[in-house]
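Shown next: input02.txt, containing compact mmCIF, C-alpha atoms.
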```
# COMPACT_ATOMS: atom_id res chain seq x y z
CA MET N 15 122.61 -92.39 115.02
CA ALA N 16 124.77 -95.29 116.22
CA ASP N 17 123.48 -97.61 113.53
CA VAL N 18 123.94 -95.12 110.74
CA LYS N 19 127.16 -95.76 108.93
CA ILE N 20 128.80 -92.56 107.85
CA ARG N 21 131.44 -92.71 105.21
CA VAL N 22 133.41 -89.53 104.92
CA LEU N 23 135.37 -89.00 101.76
CA GLN N 24 137.88 -86.23 101.91
CA LYS N 25 138.92 -85.05 98.50
CA ILE N 26 141.71 -82.57 98.40
CA LEU N 27 141.44 -81.63 94.76
CA ASN N 28 144.22 -79.09 94.88
CA ALA N 29 146.52 -81.77 96.26
CA ASN N 30 145.83 -83.91 93.20
CA ASP N 31 146.59 -80.96 90.93
CA GLN N 32 149.91 -80.41 92.71
CA VAL N 33 150.92 -84.05 92.39
CA ALA N 34 149.86 -83.98 88.74
CA ALA N 35 151.96 -80.89 87.99
CA GLY N 36 155.00 -82.43 89.69
CA LEU N 37 154.60 -85.70 87.79
CA ARG N 38 154.21 -83.86 84.48
CA ALA N 39 157.45 -81.95 85.13
CA GLU N 40 159.20 -85.21 86.01
CA LEU N 41 158.02 -86.87 82.79
CA THR N 42 159.04 -83.81 80.76
CA ALA N 43 162.52 -83.93 82.29
CA ALA N 44 162.72 -87.64 81.43
CA LYS N 45 161.62 -86.82 77.83
CA VAL N 46 158.60 -89.09 78.11
CA PHE N 47 155.45 -87.79 76.42
CA SER N 48 152.40 -88.93 78.35
CA VAL N 49 148.85 -89.31 77.10
CA ASN N 50 145.76 -89.81 79.27
CA LEU N 51 143.22 -91.76 77.20
CA MET N 52 139.65 -91.54 78.47
CA GLY N 53 136.31 -92.81 77.16
CA SER N 54 133.23 -94.90 77.89
CA PRO N 55 133.46 -98.64 78.46
CA GLY N 56 133.87 -100.16 75.01
CA SER N 57 134.82 -96.92 73.25
CA GLY N 58 137.87 -98.70 71.86
CA LYS N 59 140.65 -97.35 74.12
CA THR N 60 142.71 -100.55 74.30
CA ALA N 61 142.27 -101.26 70.59
CA ILE N 62 143.46 -97.72 69.78
CA ILE N 63 146.59 -98.23 71.91
CA GLU N 64 147.22 -101.63 70.30
CA GLU N 65 147.03 -100.23 66.77
CA THR N 66 149.16 -97.22 67.79
CA VAL N 67 151.85 -99.52 69.21
CA ARG N 68 151.86 -101.53 65.97
CA ARG N 69 152.24 -98.46 63.78
CA LEU N 70 154.46 -96.15 65.79
CA ASN N 71 158.17 -96.82 65.93
CA LYS N 72 158.63 -95.47 69.47
CA LYS N 73 159.36 -96.99 72.86
CA ILE N 74 155.95 -97.14 74.49
CA ALA N 75 154.61 -98.24 77.87
CA VAL N 76 151.05 -98.32 79.18
CA ILE N 77 149.56 -97.81 82.62
CA GLU N 78 146.21 -99.62 82.60
CA GLY N 79 143.42 -98.42 84.87
CA ASP N 80 140.61 -100.84 85.62
CA ILE N 81 138.29 -101.48 88.50
CA GLN N 82 138.91 -105.20 88.18
CA THR N 83 140.85 -107.65 86.00
CA SER N 84 144.09 -107.20 84.09
CA LEU N 85 142.53 -108.24 80.77
CA ASP N 86 143.61 -105.08 78.94
CA ALA N 87 147.17 -105.25 80.30
CA GLN N 88 147.36 -108.88 79.13
CA ARG N 89 146.25 -107.80 75.63
CA LEU N 90 148.95 -105.14 75.52
CA GLN N 91 151.70 -107.37 76.88
CA LYS N 92 151.24 -109.56 73.81
CA LEU N 93 152.65 -106.64 71.80
CA GLY N 94 155.86 -106.85 73.81
CA ILE N 95 155.49 -103.52 75.59
CA LYS N 96 155.83 -102.71 79.25
CA THR N 97 152.48 -102.48 81.06
CA TYR N 98 151.47 -101.68 84.60
CA GLN N 99 148.00 -102.55 85.92
CA ILE N 100 146.20 -100.34 88.45
CA ASN N 101 143.08 -101.98 89.90
CA THR N 102 140.88 -99.65 91.90
CA GLY N 103 138.59 -102.49 93.02
CA PRO N 104 140.41 -103.05 96.33
CA PHE N 105 140.02 -99.32 97.08
CA GLY N 106 136.24 -99.18 96.78
CA GLY N 107 136.03 -99.52 93.01
CA ASP N 108 137.04 -95.95 92.23
CA CYS N 109 135.76 -94.85 88.84
CA HIS N 110 138.76 -92.70 87.90
CA LEU N 111 142.56 -92.48 88.24
CA GLU N 112 144.38 -89.96 90.43
CA ALA N 113 147.81 -88.44 89.89
CA ALA N 114 149.32 -90.03 93.00
CA TRP N 115 148.51 -93.51 91.71
CA ILE N 116 150.13 -92.72 88.36
CA ARG N 117 153.17 -91.30 90.14
CA SER N 118 153.54 -94.54 92.13
CA ALA N 119 153.15 -96.62 88.98
CA VAL N 120 155.74 -94.51 87.14
CA ALA N 121 158.17 -94.90 90.06
CA GLU N 122 157.66 -98.64 90.24
CA MET N 123 157.73 -99.49 86.53
CA GLY N 124 160.41 -96.97 85.55
CA VAL N 125 160.18 -94.77 82.45
CA ARG N 126 163.86 -94.41 81.55
CA GLY N 127 164.37 -94.70 77.79
CA LEU N 128 160.65 -94.48 77.00
CA ASP N 129 159.32 -92.10 74.34
CA LEU N 130 155.63 -92.40 75.10
CA LEU N 131 153.55 -93.36 78.12
CA PHE N 132 149.87 -94.10 77.71
CA ILE N 133 147.57 -93.93 80.71
CA GLU N 134 144.42 -95.86 79.83
CA ASN N 135 141.86 -94.45 82.21
CA ILE N 136 138.85 -96.29 83.63
CA GLY N 137 135.98 -96.67 81.18
CA ASN N 138 133.73 -93.82 82.25
CA LEU N 139 132.61 -90.61 80.54
CA VAL N 140 132.07 -88.72 83.80
CA CYS N 141 134.52 -89.02 86.69
CA PRO N 142 137.97 -89.39 85.05
CA ALA N 143 137.65 -85.91 83.54
CA GLU N 144 137.58 -84.42 87.05
CA PHE N 145 141.13 -85.57 87.89
CA ASP N 146 144.35 -84.37 86.28
CA THR N 147 146.49 -87.52 85.91
CA GLY N 148 149.75 -85.66 85.28
CA ALA N 149 149.71 -86.50 81.56
CA HIS N 150 150.79 -83.98 78.93
CA LEU N 151 147.79 -84.61 76.71
CA ASN N 152 144.18 -85.53 77.45
CA VAL N 153 142.58 -87.60 74.70
CA LEU N 154 139.00 -88.81 74.58
CA ALA N 155 137.81 -91.81 72.59
CA LEU N 156 134.16 -91.71 71.50
CA SER N 157 132.80 -94.62 69.51
CA VAL N 158 130.38 -93.72 66.73
CA THR N 159 128.08 -96.39 68.19
CA GLU N 160 127.58 -94.20 71.28
CA GLY N 161 125.45 -91.69 69.41
CA GLU N 162 125.66 -88.06 68.34
CA ASP N 163 124.48 -86.48 71.59
CA LYS N 164 127.22 -87.59 73.97
CA PRO N 165 129.32 -84.37 73.87
CA LEU N 166 126.28 -82.38 74.99
CA LYS N 167 125.32 -84.88 77.70
CA TYR N 168 128.84 -85.38 79.13
CA PRO N 169 130.43 -82.00 78.40
CA LEU N 170 133.27 -82.01 80.96
CA ALA N 171 134.99 -85.03 79.41
CA PHE N 172 134.96 -83.28 76.03
CA ARG N 173 136.05 -79.95 77.51
CA VAL N 174 139.23 -81.33 79.07
CA ALA N 175 140.19 -83.27 75.92
CA ALA N 176 142.66 -81.62 73.53
CA VAL N 177 142.09 -84.45 71.04
CA CYS N 178 138.92 -86.42 70.46
CA LEU N 179 139.24 -89.72 68.59
CA VAL N 180 135.92 -90.58 67.00
CA SER N 181 136.43 -94.33 66.85
CA LYS N 182 134.99 -97.42 65.14
CA ILE N 183 134.19 -95.47 61.96
CA ASP N 184 134.30 -98.79 60.07
CA LEU N 185 130.80 -99.36 61.52
CA LEU N 186 129.33 -96.15 60.05
CA PRO N 187 127.71 -97.85 57.04
CA HIS N 188 125.64 -99.92 59.49
CA LEU N 189 124.55 -97.07 61.80
CA LYS N 190 122.11 -94.19 61.62
CA ILE N 191 124.80 -91.80 62.78
CA ASP N 192 125.91 -88.49 61.27
CA VAL N 193 129.58 -87.89 62.05
CA GLU N 194 129.18 -84.21 61.19
CA LYS N 195 126.69 -83.91 64.05
CA ILE N 196 129.19 -85.55 66.40
CA ARG N 197 131.83 -83.05 65.25
CA ALA N 198 129.47 -80.09 65.68
CA ASN N 199 128.46 -81.22 69.18
CA ILE N 200 132.10 -81.67 70.26
CA LEU N 201 133.00 -78.22 68.95
CA GLN N 202 129.98 -76.72 70.70
CA VAL N 203 131.37 -77.71 74.12
CA ASN N 204 135.06 -77.40 73.16
CA PRO N 205 135.83 -75.25 70.10
CA GLN N 206 139.58 -75.97 70.45
CA CYS N 207 139.26 -79.75 70.32
CA ARG N 208 141.12 -81.55 67.52
CA ILE N 209 138.76 -84.17 66.16
CA MET N 210 140.04 -87.23 64.32
CA GLU N 211 137.95 -90.04 62.87
CA ILE N 212 139.62 -93.42 63.18
CA SER N 213 139.13 -97.16 63.04
CA ALA N 214 141.50 -99.31 65.07
CA LEU N 215 140.20 -102.32 63.14
CA THR N 216 141.12 -101.05 59.67
CA GLY N 217 143.74 -98.47 60.61
CA GLN N 218 141.73 -95.79 58.80
CA GLY N 219 142.53 -92.24 59.91
CA PHE N 220 145.53 -93.15 62.08
CA GLU N 221 148.07 -90.89 60.32
CA PRO N 222 146.96 -87.56 61.88
CA TRP N 223 146.73 -89.25 65.28
CA LEU N 224 150.25 -90.66 64.99
CA GLU N 225 151.45 -87.18 63.95
CA VAL N 226 150.10 -85.77 67.21
CA LEU N 227 152.08 -88.37 69.16
CA ILE N 228 155.25 -87.93 67.10
CA SER N 229 155.17 -84.16 67.54
CA GLY N 230 154.79 -84.65 71.30
CA CYS N 231 157.60 -87.18 71.66
CA MET S 12 146.80 -75.15 104.66
CA ALA S 13 144.60 -72.07 104.19
CA ASP S 14 144.88 -72.24 100.41
CA VAL S 15 144.05 -75.91 100.25
CA LYS S 16 140.41 -76.38 99.40
CA ILE S 17 138.94 -79.34 101.19
CA ARG S 18 135.74 -80.79 99.89
CA VAL S 19 134.09 -83.12 102.30
CA LEU S 20 131.48 -85.45 100.91
CA GLN S 21 129.36 -87.15 103.48
CA LYS S 22 127.65 -90.19 102.12
CA ILE S 23 125.17 -91.82 104.38
CA LEU S 24 124.61 -94.96 102.37
CA ASN S 25 122.20 -96.50 104.83
CA ALA S 26 120.07 -93.38 104.59
CA ASN S 27 119.78 -93.88 100.81
CA ASP S 28 118.77 -97.51 101.35
CA GLN S 29 116.07 -96.42 103.79
CA VAL S 30 114.66 -93.84 101.38
CA ALA S 31 114.80 -96.42 98.58
CA ALA S 32 112.89 -99.01 100.63
CA GLY S 33 110.23 -96.45 101.54
CA LEU S 34 109.83 -95.33 97.94
CA ARG S 35 109.57 -98.93 96.73
CA ALA S 36 106.80 -99.61 99.25
CA GLU S 37 105.02 -96.45 98.13
CA LEU S 38 105.20 -97.48 94.46
CA THR S 39 104.02 -100.98 95.30
CA ALA S 40 101.03 -99.54 97.16
CA ALA S 41 100.27 -97.35 94.13
CA LYS S 42 100.52 -100.46 91.89
CA VAL S 43 103.29 -98.88 89.83
CA PHE S 44 106.03 -101.27 88.73
CA SER S 45 109.35 -99.42 88.59
CA VAL S 46 112.44 -100.30 86.58
CA ASN S 47 115.91 -98.78 87.02
CA LEU S 48 117.67 -98.96 83.65
CA MET S 49 121.44 -98.63 83.83
CA GLY S 50 124.22 -98.88 81.24
CA SER S 51 127.18 -97.13 79.62
CA PRO S 52 126.74 -93.96 77.58
CA GLY S 53 125.37 -95.10 74.24
CA SER S 54 124.34 -98.57 75.39
CA GLY S 55 120.88 -97.87 73.97
CA LYS S 56 118.87 -97.11 77.13
CA THR S 57 116.62 -94.44 75.63
CA ALA S 58 116.07 -96.42 72.43
CA ILE S 59 115.06 -99.46 74.51
CA ILE S 60 112.52 -97.38 76.43
CA GLU S 61 111.20 -95.86 73.19
CA GLU S 62 110.65 -99.28 71.59
CA THR S 63 109.13 -100.61 74.83
CA VAL S 64 106.66 -97.72 74.95
CA ARG S 65 105.67 -98.37 71.32
CA ARG S 66 105.05 -102.08 71.92
CA LEU S 67 103.62 -102.23 75.43
CA ASN S 68 100.01 -101.31 75.99
CA LYS S 69 100.57 -99.90 79.49
CA LYS S 70 100.54 -96.45 81.07
CA ILE S 71 104.22 -95.58 81.26
CA ALA S 72 106.23 -92.64 82.59
CA VAL S 73 109.98 -92.05 82.58
CA ILE S 74 112.30 -90.27 84.99
CA GLU S 75 115.35 -89.29 82.97
CA GLY S 76 118.72 -88.91 84.68
CA ASP S 77 121.38 -86.89 82.91
CA ILE S 78 124.26 -84.72 83.95
CA GLN S 79 123.23 -82.12 81.41
CA THR S 80 120.59 -81.57 78.72
CA SER S 81 117.04 -82.88 78.45
CA LEU S 82 117.63 -84.46 75.03
CA ASP S 83 116.45 -87.91 76.10
CA ALA S 84 113.33 -86.56 77.82
CA GLN S 85 112.52 -84.63 74.64
CA ARG S 86 112.83 -87.85 72.60
CA LEU S 87 110.45 -89.64 74.96
CA GLN S 88 107.93 -86.82 75.11
CA LYS S 89 107.40 -87.28 71.37
CA LEU S 90 105.83 -90.64 72.24
CA GLY S 91 103.21 -88.85 74.30
CA ILE S 92 104.31 -90.17 77.67
CA LYS S 93 104.96 -88.29 80.89
CA THR S 94 108.65 -87.58 81.49
CA TYR S 95 110.58 -85.91 84.29
CA GLN S 96 114.15 -84.72 83.80
CA ILE S 97 116.71 -84.84 86.60
CA ASN S 98 119.93 -82.97 85.77
CA THR S 99 122.77 -83.58 88.20
CA GLY S 100 124.98 -80.94 86.54
CA PRO S 101 123.99 -78.16 88.97
CA PHE S 102 124.89 -80.47 91.86
CA GLY S 103 128.48 -81.13 90.85
CA GLY S 104 127.71 -83.40 87.89
CA ASP S 105 126.91 -86.45 89.97
CA CYS S 106 127.40 -89.65 87.99
CA HIS S 107 124.49 -91.58 89.49
CA LEU S 108 120.93 -91.15 90.79
CA GLU S 109 119.94 -91.39 94.47
CA ALA S 110 116.64 -92.55 95.93
CA ALA S 111 115.79 -89.15 97.44
CA TRP S 112 115.93 -87.51 94.01
CA ILE S 113 113.63 -90.18 92.57
CA ARG S 114 111.25 -89.76 95.51
CA SER S 115 111.08 -86.00 94.85
CA ALA S 116 110.49 -86.59 91.14
CA VAL S 117 107.73 -89.11 91.89
CA ALA S 118 106.07 -86.67 94.28
CA GLU S 119 106.24 -83.81 91.80
CA MET S 120 105.19 -85.66 88.64
CA GLY S 121 102.61 -87.92 90.28
CA VAL S 122 102.29 -91.62 89.49
CA ARG S 123 98.53 -92.16 90.00
CA GLY S 124 97.12 -94.42 87.29
CA LEU S 125 100.52 -95.44 85.96
CA ASP S 126 101.39 -99.09 85.34
CA LEU S 127 105.11 -98.71 84.78
CA LEU S 128 107.77 -96.19 85.76
CA PHE S 129 111.16 -96.25 84.07
CA ILE S 130 114.12 -94.61 85.74
CA GLU S 131 116.76 -94.06 83.07
CA ASN S 132 119.95 -93.77 85.07
CA ILE S 133 123.03 -91.74 84.11
CA GLY S 134 125.17 -93.37 81.43
CA ASN S 135 127.87 -94.99 83.55
CA LEU S 136 128.85 -98.60 84.19
CA VAL S 137 130.33 -97.89 87.62
CA CYS S 138 128.65 -95.51 90.06
CA PRO S 139 124.88 -95.99 89.49
CA ALA S 140 125.15 -99.62 90.67
CA GLU S 141 126.20 -98.39 94.11
CA PHE S 142 122.88 -96.65 94.79
CA ASP S 143 119.48 -98.28 95.25
CA THR S 144 117.02 -96.00 93.41
CA GLY S 145 113.91 -97.49 95.00
CA ALA S 146 112.96 -99.34 91.82
CA HIS S 147 111.52 -102.85 91.90
CA LEU S 148 113.81 -104.15 89.18
CA ASN S 149 117.40 -103.32 88.22
CA VAL S 150 118.08 -103.76 84.51
CA LEU S 151 121.40 -103.28 82.74
CA ALA S 152 121.77 -102.51 79.04
CA LEU S 153 125.04 -103.65 77.46
CA SER S 154 125.58 -102.94 73.78
CA VAL S 155 127.34 -105.71 71.83
CA THR S 156 129.65 -102.97 70.53
CA GLU S 157 131.10 -102.58 74.04
CA GLY S 158 132.94 -105.90 73.89
CA GLU S 159 132.82 -109.27 75.60
CA ASP S 160 134.90 -108.40 78.65
CA LYS S 161 132.72 -105.73 80.26
CA PRO S 162 130.97 -107.98 82.85
CA LEU S 163 134.38 -108.98 84.21
CA LYS S 164 135.72 -105.43 84.25
CA TYR S 165 132.64 -103.77 85.77
CA PRO S 166 131.23 -106.61 87.89
CA LEU S 167 129.12 -104.63 90.38
CA ALA S 168 126.80 -103.27 87.69
CA PHE S 169 126.15 -106.82 86.47
CA ARG S 170 125.79 -108.19 89.99
CA VAL S 171 122.96 -105.81 90.94
CA ALA S 172 121.09 -106.39 87.66
CA ALA S 173 118.28 -108.98 87.67
CA VAL S 174 117.95 -108.58 83.90
CA CYS S 175 120.68 -107.81 81.39
CA LEU S 176 119.61 -106.58 77.96
CA VAL S 177 122.36 -107.30 75.46
CA SER S 178 121.47 -104.60 72.98
CA LYS S 179 122.15 -103.57 69.37
CA ILE S 180 122.34 -107.21 68.23
CA ASP S 181 121.46 -106.03 64.70
CA LEU S 182 125.13 -104.96 64.51
CA LEU S 183 126.50 -108.45 65.26
CA PRO S 184 127.16 -109.35 61.59
CA HIS S 185 129.56 -106.39 61.44
CA LEU S 186 131.44 -107.05 64.70
CA LYS S 187 134.03 -109.55 65.90
CA ILE S 188 131.96 -110.29 68.97
CA ASP S 189 130.82 -113.64 70.37
CA VAL S 190 127.53 -113.20 72.22
CA GLU S 191 128.04 -116.54 73.97
CA LYS S 192 131.18 -115.10 75.58
CA ILE S 193 129.17 -112.08 76.75
CA ARG S 194 126.59 -114.44 78.25
CA ALA S 195 129.25 -116.58 79.96
CA ASN S 196 130.96 -113.51 81.42
CA ILE S 197 127.68 -112.10 82.76
CA LEU S 198 126.81 -115.45 84.36
CA GLN S 199 130.29 -115.68 85.86
CA VAL S 200 129.69 -112.54 87.94
CA ASN S 201 125.92 -113.05 88.37
CA PRO S 202 124.64 -116.61 87.83
CA GLN S 203 121.04 -115.48 88.52
CA CYS S 204 120.96 -112.80 85.82
CA ARG S 205 118.31 -113.17 83.11
CA ILE S 206 120.00 -112.35 79.83
CA MET S 207 118.03 -111.18 76.80
CA GLU S 208 119.43 -110.27 73.40
CA ILE S 209 117.58 -107.39 71.78
CA SER S 210 117.66 -104.77 69.07
CA ALA S 211 115.66 -101.60 69.65
CA LEU S 212 116.18 -100.79 65.95
CA THR S 213 114.55 -103.96 64.57
CA GLY S 214 112.50 -104.99 67.61
CA GLN S 215 114.25 -108.38 67.62
CA GLY S 216 114.09 -110.19 70.96
CA PHE S 217 111.63 -107.77 72.61
CA GLU S 218 108.96 -110.38 73.51
CA PRO S 219 110.73 -111.92 76.56
CA TRP S 220 111.61 -108.42 77.78
CA LEU S 221 108.01 -107.23 77.48
CA GLU S 222 106.92 -110.39 79.36
CA VAL S 223 109.16 -109.38 82.26
CA LEU S 224 107.49 -105.98 82.39
CA ILE S 225 103.96 -107.38 82.01
CA SER S 226 104.52 -109.89 84.82
CA GLY S 227 105.75 -107.05 87.06
CA CYS S 228 102.90 -104.67 86.30
```

How would this structure read if it were set down as C-alpha cells?
Amino acid sequence: MADVKIRVLQKILNANDQVAAGLRAELTAAKVFSVNLMGSPGSGKTAIIEETVRRLNKKIAVIEGDIQTSLDAQRLQKLGIKTYQINTGPFGGDCHLEAAWIRSAVAEMGVRGLDLLFIENIGNLVCPAEFDTGAHLNVLALSVTEGEDKPLKYPLAFRVAAVCLVSKIDLLPHLKIDVEKIRANILQVNPQCRIMEISALTGQGFEPWLEVLISGC
Amino acid sequence: MADVKIRVLQKILNANDQVAAGLRAELTAAKVFSVNLMGSPGSGKTAIIEETVRRLNKKIAVIEGDIQTSLDAQRLQKLGIKTYQINTGPFGGDCHLEAAWIRSAVAEMGVRGLDLLFIENIGNLVCPAEFDTGAHLNVLALSVTEGEDKPLKYPLAFRVAAVCLVSKIDLLPHLKIDVEKIRANILQVNPQCRIMEISALTGQGFEPWLEVLISGC
C-alpha cells in the first residue's frame, strides 16, 4: 500500500454550521443584510449583482468566490463598490464556499456602514448548497437557457433557496422553454420558494427582487 | 466532541486511475470507443448526444450520470438506444462520476456489438474533471450563453478536455458574446484542445464532431 496515495478529507459539517450561525449573528448586530447567491456557471450571478448595485441606493459590498481569477471582482470594482476575492484554487479548487472563509473575508474587508453584503458563490449547482455560508438569505440564479428540468435534477440547491431568480428572460423568444414548467418544477422541490423572472440585461422584473433586498436591509 | 459529527471521506485517487485504465483497456479490446461528456448544467449535453445519435450510423449506448431523476435517460430511450442511469443521490449526491461506477454499469448493461459508448457526466464544471472515468476521450460542452470567461475561471475542466464543443451557437445573434474570445480563452488554458462550434437545435457544425467519433470508432 506504500505507493497508494490516500487523501483524507475531514469534514466537520456541524463546525461549519456553528461558524455560519455566529457570523450571521455578527452581521445582524452590524445591521448588514447578507445574501448568498448561488447558481451554475453562466447563470448570470455577476450580472444580477451589477444591475442590483446600479438600481439599489444602498451601501453594498461583494465577496466573490471563484476557483481561479478575479475577473468577476474586477467587473464589480468598476461600479465603485468594495469587493473581496476568495480563490479556492490554491486549496485544491474547492467547488463551494465555507462559513469560515466568509468570516475571514468579513473580518479583513470590514462591513461597518454597509447595508448589504453579497456573497457570490462558486458557479456550481451541486456543492455550494451543502454549506451554510452564514448569509441571511439563500438565493439561486437559474438561467432560462439551462432548461426546465434543472430543479428536479439538482433539487438540493433549489430546496435551500428562499428566492429563485429565473434569469436571462430576455432570451425567451429565442428558446423552446416554458417558464411555467420551470416554476412548477421549482415549486415541486420547494413549495415555499419565491420565484422571480428577471433580465439583468434589460432590467425586466427587478422591482420585486429589489423589494426583497430593501425589506431585508 | 461527542455531539460533533465527523464525516471522513477517504479518496484513493490512484485507485480510481487504476480502475479507469483497466476499464479503458477492456473497452478497447471490445472495440467500443467511449466518450466522457462533461459540462455545466444546461450546457446541452443530452441534446448533443440526441443529435449525434440521429446523425451517426453507429451502434451507440449511453451511461447517464445524474444526482437525481432519469429524465435524460428517458429522453435518450426514445431514440431507441440502450441507456443506463446512474443516480448519485442515494450516495450523498456526489457531483461527479467515478470509474468503478462506470465499470459496474458497463458490466451490467453489456457493451458487446456497440461502436460507441457515451458517458454523460453530472452537470458540473468543477468536480467531474478530477476523476478519470475510463473513457477514451474527454469532451467538454460549453454553451455560448455561459459567457466568455468560463475557461479561465474553471481551467481544469478545459485542461482535461481533448475536444470542446461550444454549443447553442444558434443563440449567438441574441447574445453579447464573442466566440473568438471563448476560443482564445480555451486555448490559453489548453493549447491542444480541438474546438468545435455546434448547435444541436439546427445541426450546424456537427460534421467535424461526427468525424472525431467516426475516427475513434

Fill in the blank from the handout: Pairwise distance, CA of His147 (chain S) with CA of Leu221 (chain S), equals 15.5 Å

Give me the residues within 12 Å of Thr39 (chain S) as a PDB file with C-alpha atoms, in the coordinates of the input, counting only C-alpha atoms and dropping any in the same chain fewer than 3 places off.
```
ATOM      1  CA  ALA S  32     112.890 -99.010 100.630  1.00  0.00           C
ATOM      2  CA  GLY S  33     110.230 -96.450 101.540  1.00  0.00           C
ATOM      3  CA  LEU S  34     109.830 -95.330  97.940  1.00  0.00           C
ATOM      4  CA  ARG S  35     109.570 -98.930  96.730  1.00  0.00           C
ATOM      5  CA  ALA S  36     106.800 -99.610  99.250  1.00  0.00           C
ATOM      6  CA  LYS S  42     100.520-100.460  91.890  1.00  0.00           C
ATOM      7  CA  VAL S  43     103.290 -98.880  89.830  1.00  0.00           C
ATOM      8  CA  PHE S  44     106.030-101.270  88.730  1.00  0.00           C
ATOM      9  CA  SER S  45     109.350 -99.420  88.590  1.00  0.00           C
ATOM     10  CA  VAL S 122     102.290 -91.620  89.490  1.00  0.00           C
ATOM     11  CA  ARG S 123      98.530 -92.160  90.000  1.00  0.00           C
ATOM     12  CA  LEU S 125     100.520 -95.440  85.960  1.00  0.00           C
ATOM     13  CA  ASP S 126     101.390 -99.090  85.340  1.00  0.00           C
ATOM     14  CA  LEU S 127     105.110 -98.710  84.780  1.00  0.00           C
ATOM     15  CA  LEU S 128     107.770 -96.190  85.760  1.00  0.00           C
ATOM     16  CA  GLY S 145     113.910 -97.490  95.000  1.00  0.00           C
ATOM     17  CA  ALA S 146     112.960 -99.340  91.820  1.00  0.00           C
ATOM     18  CA  HIS S 147     111.520-102.850  91.900  1.00  0.00           C
ATOM     19  CA  LEU S 148     113.810-104.150  89.180  1.00  0.00           C
ATOM     20  CA  GLY S 227     105.750-107.050  87.060  1.00  0.00           C
ATOM     21  CA  CYS S 228     102.900-104.670  86.300  1.00  0.00           C
TER      22      CYS S 228
END
```

Practice task
Considering all atoms listed in the file, return as a ChimeraX atom specification whatever protein or nucleic-acid residues lie within 10 Å of Trp112 (chain S), sequence-local ones (same chain, fewer than 4 positions apart) excluded.
Solution key: /S:30,76,97,99,108,116-118,144

Exercise for the section: Rank nothing, just name the residue among N:Glu225, N:Glu160, N:Glu112, N:Glu122 nearest to Phe145 (chain N), using all atoms listed in the file. Expected result: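 Looking only at the distances to Phe145 (chain N), the closest residue turns out to be N:Glu112.
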
Problem - Ref. answer, residues at most 12 Å from (122.7, -92.4, 94.3) with only C-alpha atoms, as a PyMOL selection string - result: chain S and resi 22-28+30-31+47+76+99+105-114+132-133+137-145

Practice task
Might you pull out every residue within 8 Å of Phe129 (chain S), with all atoms listed in the file counted and same-chain residues fewer than 6 positions away left off, and present them as number ranges by chain?
Solution key: S: 45-48, 60, 71-74

Practice task
Rank nothing, just name the residue among N:Lys167, N:Arg208, N:Lys72, N:Lys182 nearest to chain S, using only C-alpha atoms.
Solution key: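 Nearest to chain S: N:Lys167.
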
Fill in the blank from the handout: Between S:Leu136, S:Val64, S:Ala58, S:Leu87, smallest distance to chain N by all atoms listed in the file belongs to S:Leu136

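Pairwise distance (CA of Ala198 (chain N), CA of Asp184 (chain N)) equals 20.1 Å.
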
Problem - Best match for closeness to chain N among S:Arg194, S:Lys93, S:Lys70, S:Arg86, counting only C-alpha atoms - result: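 Checking each candidate against chain N, we get S:Arg86 as the closest.
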
Practice task
Using CA of Ser157 (chain N) and CA of Thr83 (chain N) as the two end points, give the distance in Å to one decimal.
Solution key: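 Between CA of Ser157 (chain N) and CA of Thr83 (chain N) the gap is 22.5 Å.
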
Exercise for the section: Kindly provide, as a PyMOL selection string, the polymer residues lying within 12 Å of (131.5, -106.7, 82.1), counting all atoms listed in the file and using the coordinates exactly as they appear in the file. Expected result: (chain N and resi 55-56+80-83+85+137) or (chain S and resi 50-51+136-137+151-155+157-170+172+175+177+192-201)
